Amino acid sequence: MSTVLIIAGSDSSGGAGLTRDVRTLTGFGMRTLCVVTAVTAQSDAHVSAVHVVPAELVRAQMTAALATASIQAIKIGMLATRSTVLAVAAGLPAEPPVVLDPVLASSSGGELLDRAGREALCSALLPRVTLLTPNIPEAAAILGSAVASTPEELLRQGAALLTLGPAAVLLKGGHASGPEATDLLLMREAAPRWLRTPRIDAVRRGSGCALASAIAAGLASGLDLATACERGKEHVTLLLQQND
């Protein structure tokens, strides 16, 4: 059984965060170890409170988890603050692939990573990441740009994200419009790949968590990055169809 280390925040509603990550990875037959970065009180409607776990405790959790088992992949979600971003970046081991879902805000709009944290994300963490999985608004926020609305703009923003250090970027198209939900996968020294599925008229909190976790499961089981992304997208499509 492969093991995936999850570094993320909790969600009291169970829809996103660590709960969704564990649920997804267990469904793919993965063993999971967890590092809690923040405790949130939230519902489907809004975030009412956030308690950030001290950075030194986040680092201690990482050290303990890495000493417990061999890790085949790491999935990172909510980080909340600059100090947490820096602690996670410093504690990452060299070998396993790292999938980073850049959780900047909740679905209801509450901020989940402060401005200093976003700067640290770009300078300290992205160069350590195998795959970055922003949605279109998150990509724009990271770059300080307007939200992309055309394929050409998506390509430019994806390429700009690659210059920040990740080995690959999966720019998610769920926030766009049109009959297809189209994601853009950019990998270094490879042609862009457009991953298309029919758009489903459904909204599900935690779909970004599920996608990143499903991709991490694929990488942990030995799939190449493109295949892991395709399988992850299939998983989220089923999740939206089932409204589960």
# chains A, B, ... in the order shown; residues from 1 in each chain; ligands from 1

$ residues_around --residues "region 177-194 of chain A" --least-positions-apart "4" --cutoff "10 Å" --atoms "only C-alpha atoms" --output "PDB file with N, CA and C atoms, in the first residue's frame"
ATOM      1  N   THR A 130       6.144  19.608  -7.542  1.00  0.00           N
ATOM      2  CA  THR A 130       6.050  18.855  -8.793  1.00  0.00           C
ATOM      3  C   THR A 130       4.909  19.367  -9.655  1.00  0.00           C
ATOM      4  N   LEU A 131       3.751  19.605  -9.036  1.00  0.00           N
ATOM      5  CA  LEU A 131       2.567  20.061  -9.767  1.00  0.00           C
ATOM      6  C   LEU A 131       1.818  21.098  -8.939  1.00  0.00           C
ATOM      7  N   LEU A 132       1.537  22.234  -9.559  1.00  0.00           N
ATOM      8  CA  LEU A 132       0.709  23.289  -8.975  1.00  0.00           C
ATOM      9  C   LEU A 132      -0.657  23.220  -9.636  1.00  0.00           C
ATOM     10  N   THR A 133      -1.753  23.253  -8.843  1.00  0.00           N
ATOM     11  CA  THR A 133      -3.096  23.066  -9.398  1.00  0.00           C
ATOM     12  C   THR A 133      -4.030  24.239  -9.086  1.00  0.00           C
ATOM     13  N   ASN A 135      -6.968  27.117  -9.749  1.00  0.00           N
ATOM     14  CA  ASN A 135      -8.051  27.429 -10.672  1.00  0.00           C
ATOM     15  C   ASN A 135      -7.738  28.776 -11.325  1.00  0.00           C
ATOM     16  N   ILE A 136      -8.582  29.197 -12.225  1.00  0.00           N
ATOM     17  CA  ILE A 136      -8.276  30.405 -12.996  1.00  0.00           C
ATOM     18  C   ILE A 136      -8.149  31.640 -12.099  1.00  0.00           C
ATOM     19  N   SER A 149      -9.379  34.893 -19.655  1.00  0.00           N
ATOM     20  CA  SER A 149     -10.687  34.590 -20.234  1.00  0.00           C
ATOM     21  C   SER A 149     -10.595  33.946 -21.615  1.00  0.00           C
ATOM     22  N   PRO A 151      -8.131  31.139 -24.282  1.00  0.00           N
ATOM     23  CA  PRO A 151      -7.069  30.122 -24.268  1.00  0.00           C
ATOM     24  C   PRO A 151      -5.676  30.729 -24.325  1.00  0.00           C
ATOM     25  N   LEU A 154      -4.787  31.957 -20.902  1.00  0.00           N
ATOM     26  CA  LEU A 154      -4.503  30.817 -20.032  1.00  0.00           C
ATOM     27  C   LEU A 154      -3.099  30.278 -20.285  1.00  0.00           C
ATOM     28  N   LEU A 155      -2.723  30.172 -21.552  1.00  0.00           N
ATOM     29  CA  LEU A 155      -1.379  29.709 -21.885  1.00  0.00           C
ATOM     30  C   LEU A 155      -0.316  30.645 -21.340  1.00  0.00           C
ATOM     31  N   GLY A 158      -0.273  30.267 -17.489  1.00  0.00           N
ATOM     32  CA  GLY A 158       0.336  28.993 -17.120  1.00  0.00           C
ATOM     33  C   GLY A 158       1.842  29.022 -17.292  1.00  0.00           C
ATOM     34  N   ALA A 159       2.306  29.605 -18.394  1.00  0.00           N
ATOM     35  CA  ALA A 159       3.750  29.717 -18.623  1.00  0.00           C
ATOM     36  C   ALA A 159       4.397  30.607 -17.564  1.00  0.00           C
ATOM     37  N   LEU A 161       3.377  30.982 -14.497  1.00  0.00           N
ATOM     38  CA  LEU A 161       3.443  30.205 -13.258  1.00  0.00           C
ATOM     39  C   LEU A 161       4.618  29.234 -13.277  1.00  0.00           C
ATOM     40  N   LEU A 162       4.906  28.662 -14.437  1.00  0.00           N
ATOM     41  CA  LEU A 162       6.056  27.759 -14.538  1.00  0.00           C
ATOM     42  C   LEU A 162       7.362  28.467 -14.208  1.00  0.00           C
ATOM     43  N   THR A 163       7.456  29.752 -14.546  1.00  0.00           N
ATOM     44  CA  THR A 163       8.697  30.478 -14.259  1.00  0.00           C
ATOM     45  C   THR A 163       8.919  30.659 -12.755  1.00  0.00           C
ATOM     46  N   PRO A 166       7.562  25.597 -10.215  1.00  0.00           N
ATOM     47  CA  PRO A 166       7.028  24.230 -10.221  1.00  0.00           C
ATOM     48  C   PRO A 166       7.406  23.499 -11.497  1.00  0.00           C
ATOM     49  N   ALA A 167       7.494  22.174 -11.413  1.00  0.00           N
ATOM     50  CA  ALA A 167       7.834  21.389 -12.600  1.00  0.00           C
ATOM     51  C   ALA A 167       6.690  21.358 -13.597  1.00  0.00           C
ATOM     52  N   ALA A 168       5.460  21.511 -13.104  1.00  0.00           N
ATOM     53  CA  ALA A 168       4.290  21.486 -13.981  1.00  0.00           C
ATOM     54  C   ALA A 168       3.163  22.274 -13.343  1.00  0.00           C
ATOM     55  N   VAL A 169       2.233  22.707 -14.178  1.00  0.00           N
ATOM     56  CA  VAL A 169       1.059  23.459 -13.729  1.00  0.00           C
ATOM     57  C   VAL A 169      -0.173  22.851 -14.381  1.00  0.00           C
ATOM     58  N   LEU A 170      -1.191  22.587 -13.575  1.00  0.00           N
ATOM     59  CA  LEU A 170      -2.505  22.204 -14.098  1.00  0.00           C
ATOM     60  C   LEU A 170      -3.445  23.349 -13.779  1.00  0.00           C
ATOM     61  N   LEU A 171      -3.779  24.125 -14.805  1.00  0.00           N
ATOM     62  CA  LEU A 171      -4.645  25.290 -14.646  1.00  0.00           C
ATOM     63  C   LEU A 171      -6.079  24.838 -14.856  1.00  0.00           C
ATOM     64  N   LYS A 172      -6.870  24.838 -13.779  1.00  0.00           N
ATOM     65  CA  LYS A 172      -8.201  24.249 -13.797  1.00  0.00           C
ATOM     66  C   LYS A 172      -9.229  25.218 -14.386  1.00  0.00           C
ATOM     67  N   GLY A 173     -10.082  24.696 -15.246  1.00  0.00           N
ATOM     68  CA  GLY A 173     -11.039  25.529 -15.958  1.00  0.00           C
ATOM     69  C   GLY A 173     -12.448  25.492 -15.433  1.00  0.00           C
ATOM     70  N   PRO A 198     -17.174  17.159 -20.612  1.00  0.00           N
ATOM     71  CA  PRO A 198     -18.403  17.961 -20.650  1.00  0.00           C
ATOM     72  C   PRO A 198     -18.610  18.676 -19.311  1.00  0.00           C
ATOM     73  N   ARG A 199     -19.009  19.943 -19.383  1.00  0.00           N
ATOM     74  CA  ARG A 199     -19.242  20.704 -18.152  1.00  0.00           C
ATOM     75  C   ARG A 199     -20.500  20.191 -17.461  1.00  0.00           C
ATOM     76  N   ILE A 200     -20.400  19.995 -16.153  1.00  0.00           N
ATOM     77  CA  ILE A 200     -21.519  19.499 -15.353  1.00  0.00           C
ATOM     78  C   ILE A 200     -22.114  20.659 -14.566  1.00  0.00           C
ATOM     79  N   ASP A 201     -23.412  20.780 -14.607  1.00  0.00           N
ATOM     80  CA  ASP A 201     -24.093  21.872 -13.916  1.00  0.00           C
ATOM     81  C   ASP A 201     -24.237  21.511 -12.440  1.00  0.00           C
ATOM     82  N   LEU A 225       2.850  11.852 -14.817  1.00  0.00           N
ATOM     83  CA  LEU A 225       2.096  13.030 -14.403  1.00  0.00           C
ATOM     84  C   LEU A 225       0.856  13.258 -15.271  1.00  0.00           C
ATOM     85  N   ALA A 226       1.000  13.163 -16.584  1.00  0.00           N
ATOM     86  CA  ALA A 226      -0.141  13.413 -17.461  1.00  0.00           C
ATOM     87  C   ALA A 226      -1.265  12.423 -17.207  1.00  0.00           C
ATOM     88  N   CYS A 229      -3.013  13.188 -13.957  1.00  0.00           N
ATOM     89  CA  CYS A 229      -3.918  14.334 -14.089  1.00  0.00           C
ATOM     90  C   CYS A 229      -5.207  13.941 -14.798  1.00  0.00           C
ATOM     91  N   GLU A 230      -5.098  13.133 -15.831  1.00  0.00           N
ATOM     92  CA  GLU A 230      -6.294  12.679 -16.547  1.00  0.00           C
ATOM     93  C   GLU A 230      -7.190  11.851 -15.634  1.00  0.00           C
ATOM     94  N   LYS A 233      -8.935  14.108 -13.113  1.00  0.00           N
ATOM     95  CA  LYS A 233     -10.057  14.835 -13.692  1.00  0.00           C
ATOM     96  C   LYS A 233     -11.275  13.921 -13.842  1.00  0.00           C
ATOM     97  N   THR A 237     -14.981  14.506 -12.143  1.00  0.00           N
ATOM     98  CA  THR A 237     -16.195  14.453 -12.958  1.00  0.00           C
ATOM     99  C   THR A 237     -17.225  13.525 -12.322  1.00  0.00           C
TER     100      THR A 237
END

$ residues_around --residues "Val88 (chain A)" --least-positions-apart "5" --cutoff "12 Å" --atoms "only C-alpha atoms" --output "PyMOL selection string"
chain A and resi 6-8+35-37+54-63+74-83+93+98+100+117+120-121+124-126+128-129

$ write_last_selection --atoms "C-alpha atoms" --output "PDB file, in the first residue's frame"
ATOM      1  CA  ILE A   6      -1.438  15.321   3.464  1.00  0.00           C
ATOM      2  CA  ILE A   7      -0.543  18.825   4.673  1.00  0.00           C
ATOM      3  CA  ALA A   8      -3.750  20.842   4.932  1.00  0.00           C
ATOM      4  CA  VAL A  35      -0.246  17.305   9.072  1.00  0.00           C
ATOM      5  CA  VAL A  36      -2.842  19.837  10.276  1.00  0.00           C
ATOM      6  CA  THR A  37      -2.036  23.448   9.377  1.00  0.00           C
ATOM      7  CA  PRO A  54       1.792  27.324  15.060  1.00  0.00           C
ATOM      8  CA  ALA A  55       4.452  26.841  12.407  1.00  0.00           C
ATOM      9  CA  GLU A  56       6.765  24.981  14.785  1.00  0.00           C
ATOM     10  CA  LEU A  57       4.006  22.436  15.465  1.00  0.00           C
ATOM     11  CA  VAL A  58       3.376  22.050  11.725  1.00  0.00           C
ATOM     12  CA  ARG A  59       7.070  21.303  11.248  1.00  0.00           C
ATOM     13  CA  ALA A  60       7.045  18.857  14.187  1.00  0.00           C
ATOM     14  CA  GLN A  61       4.077  17.031  12.662  1.00  0.00           C
ATOM     15  CA  MET A  62       5.942  16.756   9.353  1.00  0.00           C
ATOM     16  CA  THR A  63       9.037  15.375  11.054  1.00  0.00           C
ATOM     17  CA  ILE A  74       2.774  14.644  -0.735  1.00  0.00           C
ATOM     18  CA  LYS A  75      -0.391  16.702  -1.178  1.00  0.00           C
ATOM     19  CA  ILE A  76      -0.435  20.260   0.191  1.00  0.00           C
ATOM     20  CA  GLY A  77      -3.567  22.345   0.683  1.00  0.00           C
ATOM     21  CA  MET A  78      -4.348  25.228   3.059  1.00  0.00           C
ATOM     22  CA  LEU A  79      -1.267  26.879   4.589  1.00  0.00           C
ATOM     23  CA  ALA A  80      -2.786  30.093   6.006  1.00  0.00           C
ATOM     24  CA  THR A  81       0.338  32.122   6.865  1.00  0.00           C
ATOM     25  CA  ARG A  82       3.853  32.978   5.736  1.00  0.00           C
ATOM     26  CA  SER A  83       5.434  31.184   8.677  1.00  0.00           C
ATOM     27  CA  PRO A  93      11.965  15.800   1.694  1.00  0.00           C
ATOM     28  CA  VAL A  98       4.560  17.145  -4.320  1.00  0.00           C
ATOM     29  CA  LEU A 100       0.188  21.797  -4.284  1.00  0.00           C
ATOM     30  CA  GLY A 117       1.952  33.893   2.721  1.00  0.00           C
ATOM     31  CA  ALA A 120       6.415  33.099   0.479  1.00  0.00           C
ATOM     32  CA  LEU A 121       4.498  30.548  -1.567  1.00  0.00           C
ATOM     33  CA  ALA A 124      10.063  29.402  -1.139  1.00  0.00           C
ATOM     34  CA  LEU A 125       7.544  26.676  -1.914  1.00  0.00           C
ATOM     35  CA  LEU A 126       6.781  26.664  -5.642  1.00  0.00           C
ATOM     36  CA  ARG A 128       9.901  22.550  -4.501  1.00  0.00           C
ATOM     37  CA  VAL A 129       6.629  21.536  -6.144  1.00  0.00           C
TER      38      VAL A 129
END

$ atom_distance --atom1 "CA of Gly165 (chain A)" --atom2 "CA of Ser221 (chain A)"
24.3 Å

$ residues_around --residues "region 209-211 of chain A" --least-positions-apart "6" --cutoff "8 Å" --atoms "only C-alpha atoms" --output "list in words"
Ala16, Gly17, Arg20, Asp21, Thr24, Gly77, Asp101, Gly232, Lys233, His235 and Val236 of chain A

$ write_last_selection --atoms "N, CA and C atoms" --output "PDB file, in the first residue's frame"
ATOM      1  N   ALA A  16     -14.407  19.763   2.525  1.00  0.00           N
ATOM      2  CA  ALA A  16     -13.120  20.070   1.895  1.00  0.00           C
ATOM      3  C   ALA A  16     -11.997  19.764   2.885  1.00  0.00           C
ATOM      4  N   GLY A  17     -10.789  20.225   2.525  1.00  0.00           N
ATOM      5  CA  GLY A  17      -9.660  20.077   3.431  1.00  0.00           C
ATOM      6  C   GLY A  17      -9.283  18.627   3.694  1.00  0.00           C
ATOM      7  N   ARG A  20     -11.820  15.713   2.984  1.00  0.00           N
ATOM      8  CA  ARG A  20     -11.970  15.357   1.573  1.00  0.00           C
ATOM      9  C   ARG A  20     -10.717  14.658   1.059  1.00  0.00           C
ATOM     10  N   ASP A  21      -9.545  15.117   1.494  1.00  0.00           N
ATOM     11  CA  ASP A  21      -8.293  14.492   1.064  1.00  0.00           C
ATOM     12  C   ASP A  21      -8.236  13.024   1.481  1.00  0.00           C
ATOM     13  N   THR A  24     -10.732  10.879  -0.392  1.00  0.00           N
ATOM     14  CA  THR A  24     -10.317  10.634  -1.772  1.00  0.00           C
ATOM     15  C   THR A  24      -9.197   9.608  -1.833  1.00  0.00           C
ATOM     16  N   GLY A  77      -2.397  21.495   0.864  1.00  0.00           N
ATOM     17  CA  GLY A  77      -3.567  22.345   0.683  1.00  0.00           C
ATOM     18  C   GLY A  77      -3.407  23.656   1.426  1.00  0.00           C
ATOM     19  N   ASP A 101      -2.165  22.314  -4.064  1.00  0.00           N
ATOM     20  CA  ASP A 101      -3.418  22.994  -4.374  1.00  0.00           C
ATOM     21  C   ASP A 101      -3.373  24.328  -3.627  1.00  0.00           C
ATOM     22  N   GLY A 232      -7.250  11.999 -12.358  1.00  0.00           N
ATOM     23  CA  GLY A 232      -7.793  12.894 -11.350  1.00  0.00           C
ATOM     24  C   GLY A 232      -9.004  13.662 -11.869  1.00  0.00           C
ATOM     25  N   LYS A 233      -8.935  14.108 -13.113  1.00  0.00           N
ATOM     26  CA  LYS A 233     -10.057  14.835 -13.692  1.00  0.00           C
ATOM     27  C   LYS A 233     -11.275  13.921 -13.842  1.00  0.00           C
ATOM     28  N   HIS A 235     -11.980  11.457 -11.896  1.00  0.00           N
ATOM     29  CA  HIS A 235     -12.510  11.286 -10.545  1.00  0.00           C
ATOM     30  C   HIS A 235     -13.400  12.460 -10.151  1.00  0.00           C
ATOM     31  N   VAL A 236     -12.961  13.683 -10.434  1.00  0.00           N
ATOM     32  CA  VAL A 236     -13.757  14.851 -10.061  1.00  0.00           C
ATOM     33  C   VAL A 236     -15.043  14.913 -10.885  1.00  0.00           C
TER      34      VAL A 236
END

$ select_by_dssp --residues "region 54-166 of chain A" --states "alpha helix (DSSP H)" --output "PyMOL selection string"
chain A and resi 55-68+82-91+115-120+136-143+151-162

$ select_by_dssp --residues "region 10-224 of chain A" --states "strand (DSSP E or B)" --output "mmCIF file with N, CA and C atoms, in the first residue's frame"
data_model
loop_
_atom_site.group_PDB
_atom_site.id
_atom_site.type_symbol
_atom_site.label_atom_id
_atom_site.label_comp_id
_atom_site.auth_asym_id
_atom_site.auth_seq_id
_atom_site.Cartn_x
_atom_site.Cartn_y
_atom_site.Cartn_z
ATOM 1 N N SER A 10 -8.227 21.619 8.404
ATOM 2 C CA SER A 10 -9.453 20.851 8.628
ATOM 3 C C SER A 10 -10.673 21.695 8.247
ATOM 4 N N ASP A 11 -11.766 21.023 7.953
ATOM 5 C CA ASP A 11 -13.025 21.672 7.586
ATOM 6 C C ASP A 11 -14.127 21.014 8.405
ATOM 7 N N ARG A 31 -2.683 4.658 1.871
ATOM 8 C CA ARG A 31 -2.546 4.963 3.289
ATOM 9 C C ARG A 31 -2.264 6.448 3.406
ATOM 10 N N THR A 32 -2.832 7.122 4.411
ATOM 11 C CA THR A 32 -2.633 8.567 4.555
ATOM 12 C C THR A 32 -2.035 8.903 5.915
ATOM 13 N N LEU A 33 -1.110 9.859 5.895
ATOM 14 C CA LEU A 33 -0.600 10.505 7.096
ATOM 15 C C LEU A 33 -0.961 11.981 6.987
ATOM 16 N N CYS A 34 -1.232 12.620 8.119
ATOM 17 C CA CYS A 34 -1.777 13.978 8.073
ATOM 18 C C CYS A 34 -0.979 14.959 8.920
ATOM 19 N N VAL A 35 -0.795 16.153 8.358
ATOM 20 C CA VAL A 35 -0.246 17.305 9.072
ATOM 21 C C VAL A 35 -1.310 18.399 9.028
ATOM 22 N N VAL A 36 -1.779 18.832 10.194
ATOM 23 C CA VAL A 36 -2.842 19.837 10.276
ATOM 24 C C VAL A 36 -2.205 21.222 10.342
ATOM 25 N N THR A 37 -2.583 22.090 9.405
ATOM 26 C CA THR A 37 -2.036 23.448 9.377
ATOM 27 C C THR A 37 -2.964 24.475 10.003
ATOM 28 N N ALA A 38 -4.257 24.186 10.025
ATOM 29 C CA ALA A 38 -5.237 25.125 10.574
ATOM 30 C C ALA A 38 -6.521 24.377 10.870
ATOM 31 N N VAL A 39 -7.256 24.885 11.831
ATOM 32 C CA VAL A 39 -8.578 24.349 12.152
ATOM 33 C C VAL A 39 -9.596 25.424 11.782
ATOM 34 N N THR A 40 -10.530 25.076 10.912
ATOM 35 C CA THR A 40 -11.532 26.053 10.486
ATOM 36 C C THR A 40 -12.913 25.640 10.962
ATOM 37 N N ALA A 41 -13.715 26.644 11.268
ATOM 38 C CA ALA A 41 -15.146 26.451 11.515
ATOM 39 C C ALA A 41 -15.860 26.990 10.285
ATOM 40 N N GLN A 42 -16.430 26.098 9.481
ATOM 41 C CA GLN A 42 -17.082 26.546 8.259
ATOM 42 C C GLN A 42 -18.214 25.625 7.866
ATOM 43 N N VAL A 47 -17.046 30.736 6.133
ATOM 44 C CA VAL A 47 -16.054 30.418 7.164
ATOM 45 C C VAL A 47 -16.292 31.360 8.339
ATOM 46 N N SER A 48 -16.537 30.814 9.516
ATOM 47 C CA SER A 48 -16.830 31.650 10.675
ATOM 48 C C SER A 48 -15.628 31.839 11.591
ATOM 49 N N ALA A 49 -14.647 30.939 11.527
ATOM 50 C CA ALA A 49 -13.465 31.083 12.382
ATOM 51 C C ALA A 49 -12.330 30.233 11.828
ATOM 52 N N VAL A 50 -11.094 30.711 12.060
ATOM 53 C CA VAL A 50 -9.892 29.974 11.664
ATOM 54 C C VAL A 50 -8.880 30.043 12.802
ATOM 55 N N HIS A 51 -8.379 28.901 13.215
ATOM 56 C CA HIS A 51 -7.286 28.857 14.183
ATOM 57 C C HIS A 51 -6.073 28.270 13.482
ATOM 58 N N VAL A 52 -5.026 29.061 13.359
ATOM 59 C CA VAL A 52 -3.814 28.617 12.668
ATOM 60 C C VAL A 52 -2.936 27.835 13.633
ATOM 61 N N ALA A 73 4.111 10.177 -2.044
ATOM 62 C CA ALA A 73 3.670 11.459 -2.602
ATOM 63 C C ALA A 73 3.215 12.349 -1.466
ATOM 64 N N ILE A 74 3.221 13.659 -1.720
ATOM 65 C CA ILE A 74 2.774 14.644 -0.735
ATOM 66 C C ILE A 74 1.751 15.538 -1.397
ATOM 67 N N LYS A 75 0.635 15.765 -0.705
ATOM 68 C CA LYS A 75 -0.391 16.702 -1.178
ATOM 69 C C LYS A 75 -0.498 17.842 -0.178
ATOM 70 N N ILE A 76 -0.381 19.074 -0.671
ATOM 71 C CA ILE A 76 -0.435 20.260 0.191
ATOM 72 C C ILE A 76 -1.677 21.070 -0.164
ATOM 73 N N ALA A 80 -2.302 29.008 5.142
ATOM 74 C CA ALA A 80 -2.786 30.093 6.006
ATOM 75 C C ALA A 80 -1.829 31.271 6.192
ATOM 76 N N VAL A 98 5.372 16.253 -5.152
ATOM 77 C CA VAL A 98 4.560 17.145 -4.320
ATOM 78 C C VAL A 98 3.497 17.804 -5.192
ATOM 79 N N VAL A 99 2.235 17.656 -4.797
ATOM 80 C CA VAL A 99 1.118 18.306 -5.480
ATOM 81 C C VAL A 99 0.610 19.416 -4.565
ATOM 82 N N LEU A 100 0.612 20.644 -5.072
ATOM 83 C CA LEU A 100 0.188 21.797 -4.284
ATOM 84 C C LEU A 100 -1.099 22.377 -4.852
ATOM 85 N N ALA A 105 -8.500 31.138 -0.847
ATOM 86 C CA ALA A 105 -9.756 31.613 -0.263
ATOM 87 C C ALA A 105 -10.753 30.469 -0.263
ATOM 88 N N GLU A 111 -10.648 34.659 3.221
ATOM 89 C CA GLU A 111 -9.225 34.531 2.927
ATOM 90 C C GLU A 111 -8.614 33.397 3.735
ATOM 91 N N LEU A 113 -5.166 32.352 2.882
ATOM 92 C CA LEU A 113 -3.717 32.549 2.840
ATOM 93 C C LEU A 113 -3.460 34.041 2.725
ATOM 94 N N LEU A 131 3.751 19.605 -9.036
ATOM 95 C CA LEU A 131 2.567 20.061 -9.767
ATOM 96 C C LEU A 131 1.818 21.098 -8.939
ATOM 97 N N LEU A 132 1.537 22.234 -9.559
ATOM 98 C CA LEU A 132 0.709 23.289 -8.975
ATOM 99 C C LEU A 132 -0.657 23.220 -9.636
ATOM 100 N N ASN A 135 -6.968 27.117 -9.749
ATOM 101 C CA ASN A 135 -8.051 27.429 -10.672
ATOM 102 C C ASN A 135 -7.738 28.776 -11.325
ATOM 103 N N ALA A 168 5.460 21.511 -13.104
ATOM 104 C CA ALA A 168 4.290 21.486 -13.981
ATOM 105 C C ALA A 168 3.163 22.274 -13.343
ATOM 106 N N VAL A 169 2.233 22.707 -14.178
ATOM 107 C CA VAL A 169 1.059 23.459 -13.729
ATOM 108 C C VAL A 169 -0.173 22.851 -14.381
ATOM 109 N N LEU A 170 -1.191 22.587 -13.575
ATOM 110 C CA LEU A 170 -2.505 22.204 -14.098
ATOM 111 C C LEU A 170 -3.445 23.349 -13.779
ATOM 112 N N LEU A 171 -3.779 24.125 -14.805
ATOM 113 C CA LEU A 171 -4.645 25.290 -14.646
ATOM 114 C C LEU A 171 -6.079 24.838 -14.856
ATOM 115 N N LYS A 172 -6.870 24.838 -13.779
ATOM 116 C CA LYS A 172 -8.201 24.249 -13.797
ATOM 117 C C LYS A 172 -9.229 25.218 -14.386
ATOM 118 N N GLU A 180 -17.721 22.769 -22.218
ATOM 119 C CA GLU A 180 -16.695 21.864 -21.720
ATOM 120 C C GLU A 180 -15.948 22.479 -20.541
ATOM 121 N N ALA A 181 -15.577 21.628 -19.580
ATOM 122 C CA ALA A 181 -14.672 22.028 -18.491
ATOM 123 C C ALA A 181 -13.268 21.644 -18.945
ATOM 124 N N THR A 182 -12.474 22.646 -19.260
ATOM 125 C CA THR A 182 -11.172 22.403 -19.880
ATOM 126 C C THR A 182 -10.048 22.829 -18.954
ATOM 127 N N ASP A 183 -9.180 21.894 -18.627
ATOM 128 C CA ASP A 183 -7.992 22.177 -17.827
ATOM 129 C C ASP A 183 -6.779 22.207 -18.751
ATOM 130 N N LEU A 184 -5.809 23.006 -18.373
ATOM 131 C CA LEU A 184 -4.579 23.139 -19.161
ATOM 132 C C LEU A 184 -3.410 22.590 -18.356
ATOM 133 N N LEU A 185 -2.746 21.577 -18.898
ATOM 134 C CA LEU A 185 -1.566 21.005 -18.259
ATOM 135 C C LEU A 185 -0.327 21.462 -19.003
ATOM 136 N N LEU A 186 0.557 22.133 -18.285
ATOM 137 C CA LEU A 186 1.828 22.588 -18.839
ATOM 138 C C LEU A 186 2.966 21.924 -18.075
ATOM 139 N N MET A 187 3.831 21.257 -18.815
ATOM 140 C CA MET A 187 5.012 20.618 -18.237
ATOM 141 C C MET A 187 6.247 21.142 -18.953
ATOM 142 N N ARG A 193 -1.130 20.464 -22.904
ATOM 143 C CA ARG A 193 -2.189 19.462 -23.054
ATOM 144 C C ARG A 193 -3.479 20.040 -22.496
ATOM 145 N N TRP A 194 -4.540 19.964 -23.290
ATOM 146 C CA TRP A 194 -5.862 20.428 -22.868
ATOM 147 C C TRP A 194 -6.684 19.203 -22.465
ATOM 148 N N LEU A 195 -7.132 19.180 -21.223
ATOM 149 C CA LEU A 195 -7.920 18.055 -20.708
ATOM 150 C C LEU A 195 -9.377 18.499 -20.675
ATOM 151 N N ARG A 196 -10.206 17.871 -21.487
ATOM 152 C CA ARG A 196 -11.587 18.326 -21.666
ATOM 153 C C ARG A 196 -12.593 17.261 -21.233
ATOM 154 N N THR A 197 -13.613 17.714 -20.511
ATOM 155 C CA THR A 197 -14.766 16.879 -20.208
ATOM 156 C C THR A 197 -16.007 17.748 -20.353
ATOM 157 N N PRO A 198 -17.174 17.159 -20.612
ATOM 158 C CA PRO A 198 -18.403 17.961 -20.650
ATOM 159 C C PRO A 198 -18.610 18.676 -19.311
#

$ closest_residue --among "A:Pro127, A:Pro96, A:Gly27, A:Pro137" --to "Ser213 (chain A)" --atoms "only C-alpha atoms"
A:Gly27

$ atom_distance --atom1 "CA of Thr19 (chain A)" --atom2 "CA of Val147 (chain A)"
29.5 Å

$ closest_residue --among "A:Leu18, A:Val4, A:Leu223, A:Ala228" --to "Ser70 (chain A)" --atoms "only C-alpha atoms"
A:Val4

$ closest_residue --among "A:Ala65, A:Ala45, A:Cys122, A:Ala148" --to "Leu5 (chain A)" --atoms "only C-alpha atoms"
A:Ala65

$ atom_distance --atom1 "CA of Leu66 (chain A)" --atom2 "CA of Gly222 (chain A)"
19.5 Å

$ closest_residue --among "A:Thr3, A:Ala140, A:Asp114, A:Ser13" --to "Arg156 (chain A)" --atoms "only C-alpha atoms"
A:Ala140

$ closest_residue --among "A:Ala87, A:Leu104, A:Ile71, A:Ile215" --to "Pro134 (chain A)" --atoms "only C-alpha atoms"
A:Leu104

$ closest_residue --among "A:Leu25, A:Ala217, A:Ala67, A:Ala160" --to "Leu143 (chain A)" --atoms "only C-alpha atoms"
A:Ala160

$ decode --residues "region 120-132 of chain A" --atoms "C-alpha atoms" --output "tab-separated table (two decimals), in the first residue's frame"
chain	number	residue	atom	x	y	z
A	120	ALA	CA	6.41	33.10	0.48
A	121	LEU	CA	4.50	30.55	-1.57
A	122	CYS	CA	6.04	31.94	-4.75
A	123	SER	CA	9.56	32.40	-3.43
A	124	ALA	CA	10.06	29.40	-1.14
A	125	LEU	CA	7.54	26.68	-1.91
A	126	LEU	CA	6.78	26.66	-5.64
A	127	PRO	CA	10.37	25.73	-6.58
A	128	ARG	CA	9.90	22.55	-4.50
A	129	VAL	CA	6.63	21.54	-6.14
A	130	THR	CA	6.05	18.86	-8.79
A	131	LEU	CA	2.57	20.06	-9.77
A	132	LEU	CA	0.71	23.29	-8.97
